[in-house]
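Everything on this sheet refers to the single structure shown next.
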Amino acid sequence: CTESNEKLINGDKQMNKEMDDTISNYIIKKYSTSYSETEKQFEVHKVYGTKDLNGVITVYMWSYYAGFNKSTGIQEQSGQSLAAVIQLKKNEGTYSVIDYTETQDGSLYQSSLKKMFPKRYIRLVQNDNGNIDELQEEMNIKVKKWLEEK
């Protein structure tokens, strides 16, 4: 990422429900066949900031994706939790994903994080690595709602 941060908007101020839903739906679809089969998959995310450049909205976020079965309740059966950058474009009133990048694993994690995220968000991402209590609560609410459906 460039250090031209003047267009960055901290937090999720620029986000709306449609953008959030577009991100979640994209990630669920992307990973629905990658993990062991589950009855239902969910995704929740924390937005560190956004940037709008020529109609392309870049979202810097932490994503938590998980799959569940009714028989095991809120116990996650498969999933992932990681830092990601996603780009959205609005066409005819709806958002579409035009690019999605995740941090790499292991020894490449720090260098990929530095390439993907503006400097001001790196420490926030590092602090959230392995500490997703807030997202876990949001995930539990979604799963419980699904479990209560007939």
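Going through the structure tokens in order, the chains are called A, B, and so on, while each chain numbers its residues from 1 and the ligands are numbered from 1 in the order shown.
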
### Task
Fewer than 6 positions away in the same chain doesn't count, so skip those; otherwise give me all residues within 9 Å of Tyr121 of chain A, counting only C-alpha atoms, as a PyMOL selection string.
chain A and resi 10+48-49+60

### Message
Which residues are near segment 128-140 of chain A? Cut-off 7 Å, only C-alpha atoms, ignore same chain within fewer than 6 positions. Put them as a PyMOL selection string.
### Response
chain A and resi 44-45+74

Kindly export the residues of the current selection with N, CA, C and O atoms, as a PDB file, in the first residue's frame.
ATOM      1  N   VAL A  44     -18.160 -12.734   9.741  1.00  0.00           N
ATOM      2  CA  VAL A  44     -18.269 -11.427  10.383  1.00  0.00           C
ATOM      3  C   VAL A  44     -16.914 -10.750  10.240  1.00  0.00           C
ATOM      4  O   VAL A  44     -15.891 -11.414  10.066  1.00  0.00           O
ATOM      5  N   HIS A  45     -16.907  -9.430  10.273  1.00  0.00           N
ATOM      6  CA  HIS A  45     -15.639  -8.728  10.096  1.00  0.00           C
ATOM      7  C   HIS A  45     -15.598  -7.416  10.881  1.00  0.00           C
ATOM      8  O   HIS A  45     -16.630  -6.859  11.214  1.00  0.00           O
ATOM      9  N   ILE A  74     -23.487 -23.972  18.615  1.00  0.00           N
ATOM     10  CA  ILE A  74     -22.570 -22.851  18.334  1.00  0.00           C
ATOM     11  C   ILE A  74     -21.104 -23.286  18.308  1.00  0.00           C
ATOM     12  O   ILE A  74     -20.211 -22.456  18.189  1.00  0.00           O
TER      13      ILE A  74
END

### Task
Name the residues of segment 19-119 of chain A that fall into strand (DSSP E or B) according to DSSP on the backbone, using the chain letters and numbers of this document, as number ranges by chain.
A: 40-53, 56-68, 78-91, 94-102

Would you save the residues from that selection as a CSV table (one decimal), in the first residue's frame, using N, CA and C atoms?
chain,number,residue,atom,x,y,z
A,40,LYS,N,-24.2,-24.7,7.5
A,40,LYS,CA,-24.4,-23.3,7.4
A,40,LYS,C,-23.0,-22.6,7.7
A,41,GLN,N,-22.7,-21.6,6.9
A,41,GLN,CA,-21.5,-20.9,7.1
A,41,GLN,C,-21.8,-19.4,7.3
A,42,PHE,N,-21.0,-18.8,8.1
A,42,PHE,CA,-21.2,-17.3,8.4
A,42,PHE,C,-19.8,-16.6,8.4
A,43,GLU,N,-19.9,-15.3,8.1
A,43,GLU,CA,-18.7,-14.5,8.2
A,43,GLU,C,-19.1,-13.2,8.9
A,44,VAL,N,-18.2,-12.7,9.7
A,44,VAL,CA,-18.3,-11.4,10.4
A,44,VAL,C,-16.9,-10.7,10.2
A,45,HIS,N,-16.9,-9.4,10.3
A,45,HIS,CA,-15.6,-8.7,10.1
A,45,HIS,C,-15.6,-7.4,10.9
A,46,LYS,N,-14.4,-7.0,11.1
A,46,LYS,CA,-14.1,-5.7,11.8
A,46,LYS,C,-13.4,-4.9,10.8
A,47,VAL,N,-13.9,-3.7,10.6
A,47,VAL,CA,-13.3,-2.8,9.6
A,47,VAL,C,-12.4,-1.8,10.3
A,48,TYR,N,-11.1,-1.7,9.9
A,48,TYR,CA,-10.1,-0.8,10.5
A,48,TYR,C,-10.3,0.6,9.8
A,49,GLY,N,-10.5,0.5,8.5
A,49,GLY,CA,-10.7,1.7,7.7
A,49,GLY,C,-11.0,1.5,6.3
A,50,THR,N,-11.3,2.5,5.5
A,50,THR,CA,-11.7,2.4,4.1
A,50,THR,C,-11.0,3.5,3.4
A,51,LYS,N,-10.9,3.3,2.1
A,51,LYS,CA,-10.4,4.3,1.1
A,51,LYS,C,-11.2,4.3,-0.1
A,52,ASP,N,-11.7,5.4,-0.6
A,52,ASP,CA,-12.5,5.5,-1.8
A,52,ASP,C,-11.6,6.2,-2.8
A,53,LEU,N,-11.2,5.5,-3.9
A,53,LEU,CA,-10.4,6.1,-4.9
A,53,LEU,C,-11.1,5.8,-6.3
A,56,VAL,N,-13.7,3.1,-6.4
A,56,VAL,CA,-13.3,1.8,-5.8
A,56,VAL,C,-13.1,2.0,-4.3
A,57,ILE,N,-13.9,1.2,-3.5
A,57,ILE,CA,-13.7,1.3,-2.1
A,57,ILE,C,-12.9,0.2,-1.6
A,58,THR,N,-11.8,0.5,-1.0
A,58,THR,CA,-10.9,-0.5,-0.4
A,58,THR,C,-11.2,-0.6,1.1
A,59,VAL,N,-11.4,-1.8,1.6
A,59,VAL,CA,-11.8,-2.0,2.9
A,59,VAL,C,-10.7,-2.8,3.6
A,60,TYR,N,-10.1,-2.3,4.7
A,60,TYR,CA,-9.1,-2.9,5.5
A,60,TYR,C,-9.7,-3.5,6.7
A,61,MET,N,-9.6,-4.9,6.8
A,61,MET,CA,-10.5,-5.5,7.8
A,61,MET,C,-9.9,-6.8,8.4
A,62,TRP,N,-10.5,-7.3,9.5
A,62,TRP,CA,-10.2,-8.6,10.0
A,62,TRP,C,-11.5,-9.4,9.8
A,63,SER,N,-11.3,-10.6,9.2
A,63,SER,CA,-12.5,-11.4,8.8
A,63,SER,C,-12.4,-12.7,9.6
A,64,TYR,N,-13.6,-13.1,10.1
A,64,TYR,CA,-13.8,-14.4,10.8
A,64,TYR,C,-14.9,-15.1,10.1
A,65,TYR,N,-14.5,-16.3,9.5
A,65,TYR,CA,-15.4,-17.2,8.8
A,65,TYR,C,-15.5,-18.5,9.5
A,66,ALA,N,-16.7,-19.1,9.6
A,66,ALA,CA,-16.8,-20.4,10.3
A,66,ALA,C,-18.1,-21.1,9.8
A,67,GLY,N,-18.0,-22.4,9.8
A,67,GLY,CA,-19.1,-23.3,9.4
A,67,GLY,C,-19.6,-24.0,10.6
A,68,PHE,N,-21.0,-24.3,10.6
A,68,PHE,CA,-21.7,-24.9,11.8
A,68,PHE,C,-22.7,-25.9,11.3
A,78,SER,N,-15.5,-25.6,11.4
A,78,SER,CA,-14.3,-25.3,10.5
A,78,SER,C,-14.3,-23.8,10.4
A,79,GLY,N,-13.2,-23.2,9.9
A,79,GLY,CA,-13.2,-21.8,9.7
A,79,GLY,C,-11.8,-21.2,9.7
A,80,GLN,N,-11.8,-19.9,9.6
A,80,GLN,CA,-10.6,-19.1,9.6
A,80,GLN,C,-10.8,-17.7,10.2
A,81,SER,N,-9.7,-17.1,10.6
A,81,SER,CA,-9.7,-15.8,11.2
A,81,SER,C,-8.4,-15.1,10.7
A,82,LEU,N,-8.6,-14.0,9.9
A,82,LEU,CA,-7.4,-13.4,9.4
A,82,LEU,C,-7.6,-12.0,8.9
A,83,ALA,N,-6.5,-11.3,8.7
A,83,ALA,CA,-6.5,-9.9,8.1
A,83,ALA,C,-6.7,-10.0,6.6
A,84,ALA,N,-7.5,-9.1,6.1
A,84,ALA,CA,-7.8,-9.1,4.6
A,84,ALA,C,-8.1,-7.7,4.1
A,85,VAL,N,-7.9,-7.5,2.8
A,85,VAL,CA,-8.2,-6.3,2.2
A,85,VAL,C,-9.1,-6.7,1.0
A,86,ILE,N,-10.3,-6.0,0.9
A,86,ILE,CA,-11.2,-6.3,-0.1
A,86,ILE,C,-11.6,-5.0,-0.8
A,87,GLN,N,-11.8,-5.0,-2.1
A,87,GLN,CA,-12.2,-3.8,-2.9
A,87,GLN,C,-13.6,-4.0,-3.5
A,88,LEU,N,-14.4,-3.0,-3.3
A,88,LEU,CA,-15.8,-3.0,-3.8
A,88,LEU,C,-16.0,-1.9,-4.8
A,89,LYS,N,-16.9,-2.2,-5.7
A,89,LYS,CA,-17.3,-1.1,-6.7
A,89,LYS,C,-18.8,-1.2,-6.8
A,90,LYS,N,-19.4,0.0,-6.8
A,90,LYS,CA,-20.8,0.1,-6.9
A,90,LYS,C,-21.2,0.3,-8.4
A,91,ASN,N,-22.1,-0.7,-8.9
A,91,ASN,CA,-22.6,-0.6,-10.2
A,91,ASN,C,-24.1,-0.7,-10.2
A,94,THR,N,-25.8,-1.7,-6.8
A,94,THR,CA,-25.3,-2.9,-6.0
A,94,THR,C,-23.8,-2.9,-6.0
A,95,TYR,N,-23.2,-3.5,-4.9
A,95,TYR,CA,-21.8,-3.6,-4.8
A,95,TYR,C,-21.3,-4.9,-5.3
A,96,SER,N,-20.1,-4.9,-5.9
A,96,SER,CA,-19.5,-6.2,-6.3
A,96,SER,C,-18.1,-6.1,-5.8
A,97,VAL,N,-17.5,-7.3,-5.6
A,97,VAL,CA,-16.1,-7.4,-5.2
A,97,VAL,C,-15.3,-7.5,-6.4
A,98,ILE,N,-14.3,-6.6,-6.5
A,98,ILE,CA,-13.4,-6.6,-7.6
A,98,ILE,C,-12.0,-7.2,-7.3
A,99,ASP,N,-11.7,-7.2,-6.0
A,99,ASP,CA,-10.4,-7.8,-5.5
A,99,ASP,C,-10.5,-8.2,-4.1
A,100,TYR,N,-9.8,-9.3,-3.7
A,100,TYR,CA,-9.8,-9.8,-2.3
A,100,TYR,C,-8.4,-10.4,-2.1
A,101,THR,N,-7.7,-9.9,-1.0
A,101,THR,CA,-6.4,-10.4,-0.7
A,101,THR,C,-6.3,-10.6,0.8
A,102,GLU,N,-5.7,-11.8,1.2
A,102,GLU,CA,-5.5,-12.2,2.6
A,102,GLU,C,-4.0,-12.1,2.9

### Message
Set the distance at 9 Å and use only C-alpha atoms: which residues neighbour Phe117 of chain A once local chain neighbours fewer than 2 positions away are removed? I'd like the list as a list of chain:residue names.
### Response
A:Cys1, A:Thr2, A:Tyr60, A:Ala84, A:Val85, A:Ser112, A:Leu113, A:Lys114, A:Lys115, A:Lys119, A:Arg120, A:Tyr121, A:Ile122, A:Val125

### Task
Select from segment 4-103 of chain A everything DSSP, run on the backbone, classes as helix (DSSP H, G or I), then give the selection as a VMD selection string.
chain A and resid 5 to 7 17 to 31 70 to 72

Any chance you can output those residues with C-alpha atoms as an mmCIF file, in the first residue's frame?
data_model
loop_
_atom_site.group_PDB
_atom_site.id
_atom_site.type_symbol
_atom_site.label_atom_id
_atom_site.label_comp_id
_atom_site.auth_asym_id
_atom_site.auth_seq_id
_atom_site.Cartn_x
_atom_site.Cartn_y
_atom_site.Cartn_z
ATOM 1 C CA ASN A 5 -3.149 8.100 3.588
ATOM 2 C CA GLU A 6 -4.986 11.392 3.119
ATOM 3 C CA LYS A 7 -7.995 9.583 1.643
ATOM 4 C CA LYS A 17 -25.335 -2.894 5.498
ATOM 5 C CA GLU A 18 -25.225 -3.641 1.776
ATOM 6 C CA MET A 19 -21.423 -3.377 1.729
ATOM 7 C CA ASP A 20 -21.141 -5.585 4.833
ATOM 8 C CA ASP A 21 -23.480 -8.165 3.278
ATOM 9 C CA THR A 22 -21.550 -8.117 -0.014
ATOM 10 C CA ILE A 23 -18.289 -8.806 1.839
ATOM 11 C CA SER A 24 -19.774 -11.617 3.963
ATOM 12 C CA ASN A 25 -21.536 -13.257 1.021
ATOM 13 C CA TYR A 26 -18.358 -13.145 -1.081
ATOM 14 C CA ILE A 27 -16.220 -14.770 1.627
ATOM 15 C CA ILE A 28 -18.849 -17.416 2.438
ATOM 16 C CA LYS A 29 -19.136 -18.342 -1.233
ATOM 17 C CA LYS A 30 -15.343 -18.354 -1.667
ATOM 18 C CA TYR A 31 -14.774 -20.789 1.222
ATOM 19 C CA LYS A 70 -27.377 -27.747 13.914
ATOM 20 C CA SER A 71 -26.385 -30.916 15.786
ATOM 21 C CA THR A 72 -23.303 -29.234 17.299
#

### Task
One decimal, Å: what's the distance from atom CA of Gly106 of chain A over to atom CA of Leu8 of chain A, could you say?
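Here the two named atoms are 28.3 Å from each other.
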
### Query
Could you work out how far atom CA of Lys145 of chain A lies from atom CA of Gln77 of chain A, giving the answer in Å with one decimal?
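Separation of atom CA of Gln77 of chain A and atom CA of Lys145 of chain A: 17.3 Å.
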
### Query
Could you pull the residues within 8 Å of Gly73 of chain A, counting only C-alpha atoms, minus those fewer than 4 positions along the same chain, as a ChimeraX atom specification?
/A:68-69,143-144,147

Just to be explicit: take each residue in the selection above, keep N, CA and C atoms, and write the result as a PDB file, in the first residue's frame.
ATOM      1  N   PHE A  68     -20.964 -24.280  10.626  1.00  0.00           N
ATOM      2  CA  PHE A  68     -21.663 -24.866  11.769  1.00  0.00           C
ATOM      3  C   PHE A  68     -22.659 -25.925  11.313  1.00  0.00           C
ATOM      4  N   ASN A  69     -23.015 -26.811  12.249  1.00  0.00           N
ATOM      5  CA  ASN A  69     -24.071 -27.800  12.055  1.00  0.00           C
ATOM      6  C   ASN A  69     -25.079 -27.645  13.182  1.00  0.00           C
ATOM      7  N   VAL A 143     -25.291 -17.303  14.677  1.00  0.00           N
ATOM      8  CA  VAL A 143     -25.493 -18.755  14.727  1.00  0.00           C
ATOM      9  C   VAL A 143     -26.714 -19.094  15.572  1.00  0.00           C
ATOM     10  N   LYS A 144     -26.867 -18.455  16.721  1.00  0.00           N
ATOM     11  CA  LYS A 144     -28.021 -18.720  17.589  1.00  0.00           C
ATOM     12  C   LYS A 144     -29.330 -18.393  16.886  1.00  0.00           C
ATOM     13  N   LEU A 147     -29.964 -21.207  14.549  1.00  0.00           N
ATOM     14  CA  LEU A 147     -30.366 -22.412  15.277  1.00  0.00           C
ATOM     15  C   LEU A 147     -31.821 -22.345  15.737  1.00  0.00           C
TER      16      LEU A 147
END

### Message
If I take atom CA of Glu149 of chain A and atom CA of Ser32 of chain A, how far is one from the other in Å, to one decimal?
### Response
20.8 Å
